[in-house]
file coords04.cif (mmCIF, C-alpha atoms)
data_entry
#
loop_
_atom_site.label_atom_id
_atom_site.label_comp_id
_atom_site.auth_asym_id
_atom_site.auth_seq_id
_atom_site.Cartn_x
_atom_site.Cartn_y
_atom_site.Cartn_z
CA MET O 1 -14.27 -109.67 -33.42
CA SER O 2 -15.93 -109.09 -36.77
CA ALA O 3 -16.24 -111.96 -39.25
CA ASN O 4 -16.38 -109.57 -42.21
CA PRO O 5 -13.23 -110.10 -44.34
CA VAL O 6 -13.00 -106.42 -45.30
CA GLU O 7 -13.34 -105.24 -41.70
CA MET O 8 -10.83 -107.83 -40.51
CA THR O 9 -8.32 -106.76 -43.16
CA ILE O 10 -8.72 -103.06 -42.36
CA PHE O 11 -8.39 -103.77 -38.65
CA ALA O 12 -5.25 -105.81 -39.26
CA ILE O 13 -3.66 -103.04 -41.35
CA ILE O 14 -4.45 -100.43 -38.69
CA GLY O 15 -3.08 -102.70 -35.97
CA PHE O 16 0.19 -103.32 -37.84
CA THR O 17 0.54 -99.56 -38.44
CA VAL O 18 -0.04 -98.72 -34.78
CA ALA O 19 2.50 -101.33 -33.70
CA LEU O 20 5.07 -100.05 -36.20
CA ILE O 21 4.64 -96.45 -35.03
CA ASN O 22 5.34 -97.44 -31.42
CA VAL O 23 8.45 -99.52 -32.08
CA PRO O 24 10.99 -96.64 -32.47
CA ALA O 25 10.04 -95.12 -29.11
CA ILE O 26 10.27 -98.49 -27.36
CA VAL O 27 13.68 -99.24 -28.88
CA VAL O 28 15.01 -95.81 -27.87
CA ILE O 29 13.71 -96.07 -24.29
CA PHE O 30 15.34 -99.44 -23.64
CA THR O 31 18.53 -99.14 -25.69
CA SER O 32 19.59 -95.49 -25.87
CA LYS O 33 22.37 -94.48 -23.49
CA ALA O 34 21.18 -90.87 -23.61
CA ILE O 35 17.73 -91.89 -22.35
CA LYS O 36 18.84 -94.28 -19.61
CA LYS O 37 19.08 -91.46 -17.06
CA TYR O 38 15.36 -90.74 -17.47
CA LYS O 39 14.06 -93.60 -15.34
CA GLU O 40 10.51 -92.27 -15.57
CA LEU O 41 10.42 -93.49 -19.17
CA VAL O 42 10.92 -97.16 -18.25
CA LEU O 43 7.27 -97.79 -17.37
CA ILE O 44 6.20 -95.75 -20.39
CA GLY O 45 8.29 -98.08 -22.53
CA GLY O 46 6.59 -101.04 -20.88
CA LEU O 47 3.15 -99.55 -21.49
CA CYS O 48 3.99 -98.90 -25.15
CA ALA O 49 5.32 -102.46 -25.45
CA VAL O 50 2.00 -103.83 -24.13
CA ASP O 51 0.12 -101.68 -26.66
CA VAL O 52 2.33 -102.99 -29.48
CA PHE O 53 1.90 -106.54 -28.20
CA CYS O 54 -1.90 -106.21 -28.27
CA ALA O 55 -2.16 -104.41 -31.62
CA LEU O 56 0.33 -106.67 -33.39
CA PHE O 57 -1.03 -110.02 -32.27
CA ASN O 58 -4.67 -108.99 -32.68
CA SER O 59 -3.82 -108.06 -36.27
CA ILE O 60 -1.99 -111.35 -36.81
CA ALA O 61 -4.98 -113.22 -35.35
CA SER O 62 -7.33 -111.41 -37.74
CA ILE O 63 -5.23 -112.37 -40.75
CA ASP O 64 -4.79 -115.92 -39.47
CA ARG O 65 -8.52 -116.43 -39.02
CA LEU O 66 -9.23 -114.83 -42.38
CA ILE O 67 -6.80 -117.16 -44.16
CA SER O 68 -7.86 -120.27 -42.24
CA PHE O 69 -11.59 -119.66 -42.51
CA PRO O 70 -12.23 -117.24 -45.42
CA ASN O 71 -15.92 -118.18 -45.54
CA GLY O 72 -16.40 -118.65 -41.81
CA THR O 73 -16.77 -122.04 -40.20
CA ASP O 74 -19.11 -124.10 -38.06
CA THR O 75 -16.39 -126.61 -37.23
CA LEU O 76 -16.15 -127.50 -33.55
CA VAL O 77 -12.91 -128.23 -31.72
CA PRO O 78 -12.11 -129.22 -28.10
CA GLN O 79 -12.10 -126.29 -25.71
CA MET O 80 -8.64 -127.08 -24.37
CA ALA O 81 -7.24 -127.25 -27.91
CA CYS O 82 -7.94 -123.52 -28.10
CA PHE O 83 -6.55 -122.65 -24.67
CA PHE O 84 -2.94 -122.37 -25.81
CA THR O 85 -3.75 -120.91 -29.23
CA TYR O 86 -1.52 -117.86 -29.45
CA TYR O 87 -4.31 -115.30 -29.91
CA VAL O 88 -6.21 -116.71 -26.90
CA VAL O 89 -3.04 -116.45 -24.80
CA VAL O 90 -2.47 -112.89 -26.08
CA PHE O 91 -6.02 -111.94 -25.11
CA PHE O 92 -5.47 -113.25 -21.58
CA TYR O 93 -2.25 -111.33 -21.01
CA ALA O 94 -3.56 -108.21 -22.77
CA GLN O 95 -6.64 -108.09 -20.55
CA LEU O 96 -4.41 -108.03 -17.49
CA LEU O 97 -1.36 -106.05 -18.59
CA VAL O 98 -3.17 -103.10 -20.17
CA GLY O 99 -4.76 -102.14 -16.85
CA ILE O 100 -1.76 -103.13 -14.74
CA MET O 101 0.66 -100.95 -16.72
CA ILE O 102 -1.66 -97.93 -16.50
CA LEU O 103 -1.83 -98.47 -12.73
CA LEU O 104 1.96 -98.83 -12.44
CA VAL O 105 2.57 -95.58 -14.32
CA SER O 106 0.11 -93.71 -12.10
CA CYS O 107 1.61 -95.22 -8.93
CA GLU O 108 5.07 -94.11 -10.05
CA ARG O 109 3.81 -90.55 -10.57
CA PHE O 110 2.04 -90.68 -7.18
CA ILE O 111 5.34 -91.54 -5.51
CA VAL O 112 7.13 -88.77 -7.41
CA VAL O 113 4.84 -85.99 -6.23
CA PHE O 114 4.02 -87.26 -2.72
CA LEU O 115 7.19 -89.16 -1.75
CA PRO O 116 10.03 -87.50 -3.70
CA LEU O 117 12.72 -88.62 -1.25
CA PHE O 118 11.63 -92.24 -1.56
CA TYR O 119 11.59 -91.90 -5.34
CA THR O 120 15.30 -91.09 -5.31
CA SER O 121 15.90 -94.71 -4.26
CA VAL O 122 13.88 -96.01 -7.20
CA THR O 123 16.17 -97.10 -10.01
CA ARG O 124 15.69 -98.08 -13.61
CA ARG O 125 16.51 -101.69 -12.70
CA LYS O 126 13.87 -101.76 -9.96
CA LEU O 127 11.23 -100.51 -12.37
CA ILE O 128 12.15 -103.20 -14.89
CA PHE O 129 12.01 -105.87 -12.17
CA THR O 130 8.57 -104.56 -11.18
CA MET O 131 7.29 -105.10 -14.73
CA ILE O 132 8.83 -108.57 -14.83
CA ALA O 133 7.12 -109.39 -11.52
CA CYS O 134 3.75 -108.30 -12.96
CA LEU O 135 4.35 -110.50 -16.00
CA LEU O 136 5.18 -113.43 -13.71
CA LEU O 137 1.95 -112.89 -11.77
CA CYS O 138 0.01 -112.97 -15.04
CA PHE O 139 1.75 -116.24 -15.94
CA LEU O 140 0.84 -117.80 -12.57
CA LEU O 141 -2.77 -116.70 -12.97
CA HIS O 142 -2.83 -118.16 -16.47
CA LEU O 143 -1.55 -121.44 -15.08
CA ALA O 144 -4.20 -121.39 -12.32
CA VAL O 145 -6.93 -120.78 -14.91
CA TYR O 146 -5.69 -123.75 -16.94
CA PHE O 147 -5.98 -126.11 -13.98
CA TYR O 148 -9.34 -124.60 -13.03
CA ILE O 149 -10.76 -125.31 -16.51
CA ILE O 150 -9.41 -128.86 -16.45
CA ALA O 151 -10.98 -129.44 -13.03
CA THR O 152 -14.38 -127.87 -13.73
CA SER O 153 -15.14 -128.20 -17.45
CA PRO O 154 -16.39 -131.41 -19.08
CA PRO O 155 -13.48 -133.11 -20.89
CA ASN O 156 -15.21 -133.18 -24.28
CA THR O 157 -16.47 -129.60 -24.37
CA LEU O 158 -16.53 -128.37 -27.98
CA ILE O 159 -16.42 -124.76 -29.17
CA ASN O 160 -16.22 -122.97 -32.52
CA ALA O 161 -12.88 -123.35 -34.35
CA PHE O 162 -12.42 -119.58 -34.32
CA CYS O 163 -11.42 -120.09 -30.67
CA TYR O 164 -12.98 -116.90 -29.39
CA SER O 165 -11.89 -116.21 -25.82
CA ALA O 166 -15.51 -115.77 -24.73
CA PHE O 167 -16.02 -119.49 -25.36
CA VAL O 168 -12.61 -120.70 -24.17
CA TYR O 169 -12.84 -119.21 -20.67
CA PRO O 170 -15.68 -120.04 -18.24
CA PRO O 171 -17.84 -117.05 -17.18
CA ILE O 172 -16.13 -116.80 -13.79
CA VAL O 173 -12.71 -116.49 -15.45
CA ALA O 174 -13.96 -113.99 -18.04
CA ASN O 175 -15.50 -111.91 -15.25
CA LEU O 176 -12.27 -112.07 -13.26
CA LEU O 177 -10.20 -110.82 -16.20
CA MET O 178 -12.67 -108.04 -16.88
CA THR O 179 -12.75 -107.03 -13.21
CA ILE O 180 -8.95 -106.89 -12.93
CA ARG O 181 -8.67 -104.83 -16.13
CA LEU O 182 -11.41 -102.37 -15.14
CA ALA O 183 -10.23 -102.08 -11.52
CA ALA O 184 -6.58 -101.51 -12.46
CA THR O 185 -7.44 -99.02 -15.21
CA GLY O 186 -9.98 -97.19 -13.07
CA LEU O 187 -7.65 -96.98 -10.08
CA GLY O 188 -4.80 -95.75 -12.27
CA ILE O 189 -7.02 -92.97 -13.63
CA ALA O 190 -8.50 -92.14 -10.21
CA LEU O 191 -5.01 -91.77 -8.70
CA TYR O 192 -4.55 -88.75 -10.90
CA LEU O 193 -7.12 -86.75 -8.94
CA PRO O 194 -4.86 -86.37 -5.86
CA ILE O 195 -1.81 -86.17 -8.15
CA THR O 196 -3.37 -83.22 -10.01
CA ILE O 197 -4.12 -81.42 -6.75
CA ARG O 198 -0.56 -82.02 -5.57
CA ILE O 199 0.85 -80.74 -8.86
CA PHE O 200 -1.00 -77.45 -8.44
CA GLN O 201 0.33 -77.16 -4.89
CA LEU O 202 3.88 -77.80 -6.08
CA LYS O 203 3.59 -75.26 -8.89
CA VAL O 204 2.45 -72.62 -6.41
CA ALA O 205 5.29 -73.52 -4.03
CA ILE O 206 7.88 -73.40 -6.83
CA SER O 207 6.57 -70.06 -8.07
CA ASN O 208 6.82 -68.60 -4.57
CA ALA O 209 10.32 -70.04 -4.12
CA GLN O 210 11.47 -68.52 -7.42
CA LYS O 211 10.09 -65.11 -6.46
CA LYS O 212 11.84 -65.35 -3.10
CA ALA O 213 15.12 -66.36 -4.75
CA VAL O 214 14.94 -63.42 -7.15
CA PHE O 215 14.22 -61.04 -4.28
CA ILE O 216 17.17 -62.33 -2.23
CA SER O 217 19.58 -62.23 -5.18
CA THR O 218 18.67 -58.64 -6.06
CA SER O 219 18.79 -57.42 -2.47
CA ASN O 220 22.06 -59.13 -1.62
CA SER O 221 24.40 -58.96 -4.60
CA ALA O 222 27.30 -60.08 -2.39
CA THR O 223 25.97 -63.64 -2.21
CA PRO O 224 28.42 -66.08 -3.86
CA GLN O 225 27.43 -67.39 -7.28
CA GLY O 226 27.49 -71.03 -6.19
CA GLY O 227 25.26 -70.46 -3.17
CA SER O 228 22.04 -70.64 -5.19
CA GLN O 229 23.07 -73.52 -7.44
CA GLN O 230 21.55 -76.28 -5.29
CA PRO O 231 18.10 -74.62 -4.96
CA LEU O 232 18.20 -73.88 -8.69
CA ASN O 233 18.86 -77.54 -9.47
CA SER O 234 16.07 -78.56 -7.12
CA VAL O 235 13.61 -76.22 -8.80
CA THR O 236 14.66 -77.48 -12.24
CA GLN O 237 14.14 -81.10 -11.17
CA ASN O 238 10.75 -80.28 -9.65
CA ASN O 239 9.69 -78.52 -12.83
CA SER O 240 10.77 -81.54 -14.85
CA ASN O 241 8.81 -83.91 -12.58
CA ILE O 242 5.74 -81.71 -12.76
CA ARG O 243 5.92 -81.46 -16.54
CA PHE O 244 6.18 -85.22 -16.93
CA SER O 245 3.37 -85.77 -14.42
CA VAL O 246 1.19 -83.45 -16.49
CA THR O 247 2.14 -85.51 -19.55
CA ILE O 248 0.96 -88.71 -17.86
CA GLY O 249 -2.18 -86.87 -16.77
CA LEU O 250 -2.98 -86.15 -20.41
CA THR O 251 -2.53 -89.82 -21.27
CA CYS O 252 -4.81 -90.77 -18.35
CA LEU O 253 -7.46 -88.53 -19.88
CA SER O 254 -6.98 -90.41 -23.15
CA ASP O 255 -7.22 -93.73 -21.27
CA LEU O 256 -10.46 -92.59 -19.65
CA VAL O 257 -12.16 -91.57 -22.89
CA LEU O 258 -10.80 -94.22 -25.26
CA LEU O 259 -10.28 -97.25 -22.99
CA PHE O 260 -12.06 -97.16 -19.63
CA ILE O 261 -15.40 -95.73 -20.76
CA PRO O 262 -15.58 -98.03 -23.84
CA ASP O 263 -14.81 -101.00 -21.57
CA ILE O 264 -17.63 -99.97 -19.24
CA ILE O 265 -20.02 -99.58 -22.18
CA ILE O 266 -19.10 -102.97 -23.66
CA ASN O 267 -19.21 -104.93 -20.40
CA PHE O 268 -22.27 -103.30 -18.80
CA ASP O 269 -24.19 -102.32 -21.95
CA LEU O 270 -24.53 -98.67 -20.93
CA PHE O 271 -27.23 -96.82 -22.89
CA GLN O 272 -27.76 -100.04 -24.90
CA LEU O 273 -24.57 -99.33 -26.88
CA ARG O 274 -23.08 -102.81 -26.64
CA ALA O 275 -24.25 -103.49 -30.20
CA HIS O 276 -21.50 -101.07 -31.31
CA HIS O 277 -18.81 -102.94 -29.37
CA LEU O 278 -16.54 -103.25 -32.42
CA ILE O 279 -16.28 -99.46 -32.68
CA PHE O 280 -15.52 -99.09 -28.98
CA SER O 281 -12.98 -101.91 -29.00
CA ARG O 282 -11.10 -100.22 -31.86
CA ALA O 283 -10.86 -97.02 -29.79
CA SER O 284 -7.94 -98.56 -27.89
CA LEU O 285 -5.85 -98.38 -31.08
CA LEU O 286 -6.54 -94.65 -31.31
CA LYS O 287 -5.60 -94.33 -27.64
CA THR O 288 -2.26 -96.00 -28.34
CA VAL O 289 -1.38 -93.52 -31.11
CA ILE O 290 -2.53 -90.45 -29.16
CA ASN O 291 -0.57 -91.46 -26.04
CA LEU O 292 2.58 -92.09 -28.07
CA PHE O 293 2.45 -88.61 -29.57
CA ILE O 294 1.84 -87.12 -26.12
CA TYR O 295 4.91 -88.92 -24.71
CA THR O 296 7.22 -87.96 -27.55
CA PHE O 297 6.12 -84.38 -28.12
CA ARG O 298 6.15 -83.44 -24.44
CA HIS O 299 9.40 -85.22 -23.51
CA ASN O 300 12.08 -83.26 -25.34
CA GLU O 301 14.90 -85.77 -24.90
CA LEU O 302 12.79 -88.71 -26.04
CA ARG O 303 11.58 -86.79 -29.08
CA LYS O 304 15.10 -85.72 -30.05
CA GLU O 305 16.49 -89.23 -29.64
CA VAL O 306 13.67 -90.82 -31.66
CA MET O 307 14.09 -88.27 -34.46
CA MET O 308 17.86 -88.73 -34.45
CA ARG O 309 17.51 -92.53 -34.72
CA LEU O 310 14.95 -92.27 -37.51
CA CYS O 311 17.05 -89.76 -39.46
CA SER O 312 20.23 -91.80 -39.09
CA TYR O 313 18.40 -94.94 -40.22
CA HIS O 314 16.95 -93.09 -43.21
CA LEU O 315 20.37 -91.81 -44.19
#
call {"tool": "encode", "arguments": {"input": "coords04.cif", "output": "structure tokens"}}
result
Amino acid sequence: MSANPVEMTIFAIIGFTVALINVPAIVVIFTSKAIKKYKELVLIGGLCAVDVFCALFNSIASIDRLISFPNGTDTLVPQMACFFTYYVVVFFYAQLLVGIMILLVSCERFIVVFLPLFYTSVTRRKLIFTMIACLLLCFLLHLAVYFYIIATSPPNTLINAFCYSAFVYPPIVANLLMTIRLAATGLGIALYLPITIRIFQLKVAISNAQKKAVFISTSNSATPQGGSQQPLNSVTQNNSNIRFSVTIGLTCLSDLVLLFIPDIIINFDLFQLRAHHLIFSRASLLKTVINLFIYTFRHNELRKEVMMRLCSYHL
């Protein structure tokens, strides 16, 4: 993180703005009765909540550090005194949850296109419990890291009072967090290769089925009206699933360009670009905004509900 007061202030303002933009969509997804039937939005709401969590608390941490140490500091404090500092805890959970949520969303789409019958048994409550289980796993890992540091680090280890996570966590823990984040994000993005192929196959199958249905209906006008209702509903549902899968595919592309590749550059110093790590780390904020607009503009019901809530609040 930059120690420049101007940069820290600008970053904080951008972070607060990004968090504020995401809040209406999150509130609608988890509270609107009209949206509850769209279970595919539950994980999207969780992913947006993680993005808000990261942007908001990183901004608060910037302001906090700026107020506490306006001229910087060389003060040293015990390592374990920083462990439960809120912005160190936020960093830990953010490192894990950002990648995990991307992977969960991709896995859900994988099940939709490859195991549609199994997906019918997936409920909104099960998806929420899945996110809670991931959060619990992060908590248990955090607890394990705490005991590991106590057992392996000298008791009087001192670090800078800024409490940067790079100094709080031993290298093995930092590498573990980075590996989990990169692996989960990379796997979530990679899953969209077979999903994309399957989507094309489904679109071809649906197109052929529609042509066949039109041919049958025109050649046999005596067929009862209700006889084609079930296939029509099935085609409509498949089209809806495909459209939303394409939406998630677009966000995966955003994740690749603005999250995964910058993470690779920062952690492995590709092309000697690590010196520009502040620019790459800020790219995740842009990713958050882009993905939000993709979700809302491509999901008609979510967009309508968000606009209705905003208009009613304004009035």
call {"tool": "closest_residue", "arguments": {"input": "coords04.cif", "among": "O:Ile149, O:Ile21, O:Ile189, O:Val42", "to": "Phe129 in chain O", "atoms": "only C-alpha atoms"}}
result
O:Val42
call {"tool": "atom_distance", "arguments": {"input": "coords04.cif", "atom1": "CA of Ile294 in chain O", "atom2": "CA of Ile180 in chain O"}}
result
26.1 Å
call {"tool": "atom_distance", "arguments": {"input": "coords04.cif", "atom1": "CA of Thr288 in chain O", "atom2": "CA of Asp51 in chain O"}}
result
6.4 Å
call {"tool": "atom_distance", "arguments": {"input": "coords04.cif", "atom1": "CA of Thr247 in chain O", "atom2": "CA of Thr185 in chain O"}}
result
17.1 Å
call {"tool": "axis_aligned_box", "arguments": {"input": "coords04.cif", "around": "range 158-169 of chain O", "padding_each_side": "6 Å", "output": "AutoDock Vina command-line options"}}
result
--center_x -14.0 --center_y -122.1 --center_z -27.5 --size_x 17.1 --size_y 24.6 --size_z 25.7
call {"tool": "closest_residue", "arguments": {"input": "coords04.cif", "among": "O:Phe271, O:Phe139, O:Tyr295, O:Phe114", "to": "Ile195 in chain O", "atoms": "all atoms listed in the file"}}
result
O:Phe114
call {"tool": "closest_residue", "arguments": {"input": "coords04.cif", "among": "O:Val145, O:Leu66, O:Leu302, O:Leu76", "to": "Glu7 in chain O", "atoms": "only C-alpha atoms"}}
result
O:Leu66
call {"tool": "closest_residue", "arguments": {"input": "coords04.cif", "among": "O:Gly46, O:Pro78, O:Gly99, O:Pro116", "to": "Ile159 in chain O", "atoms": "only C-alpha atoms"}}
result
O:Pro78
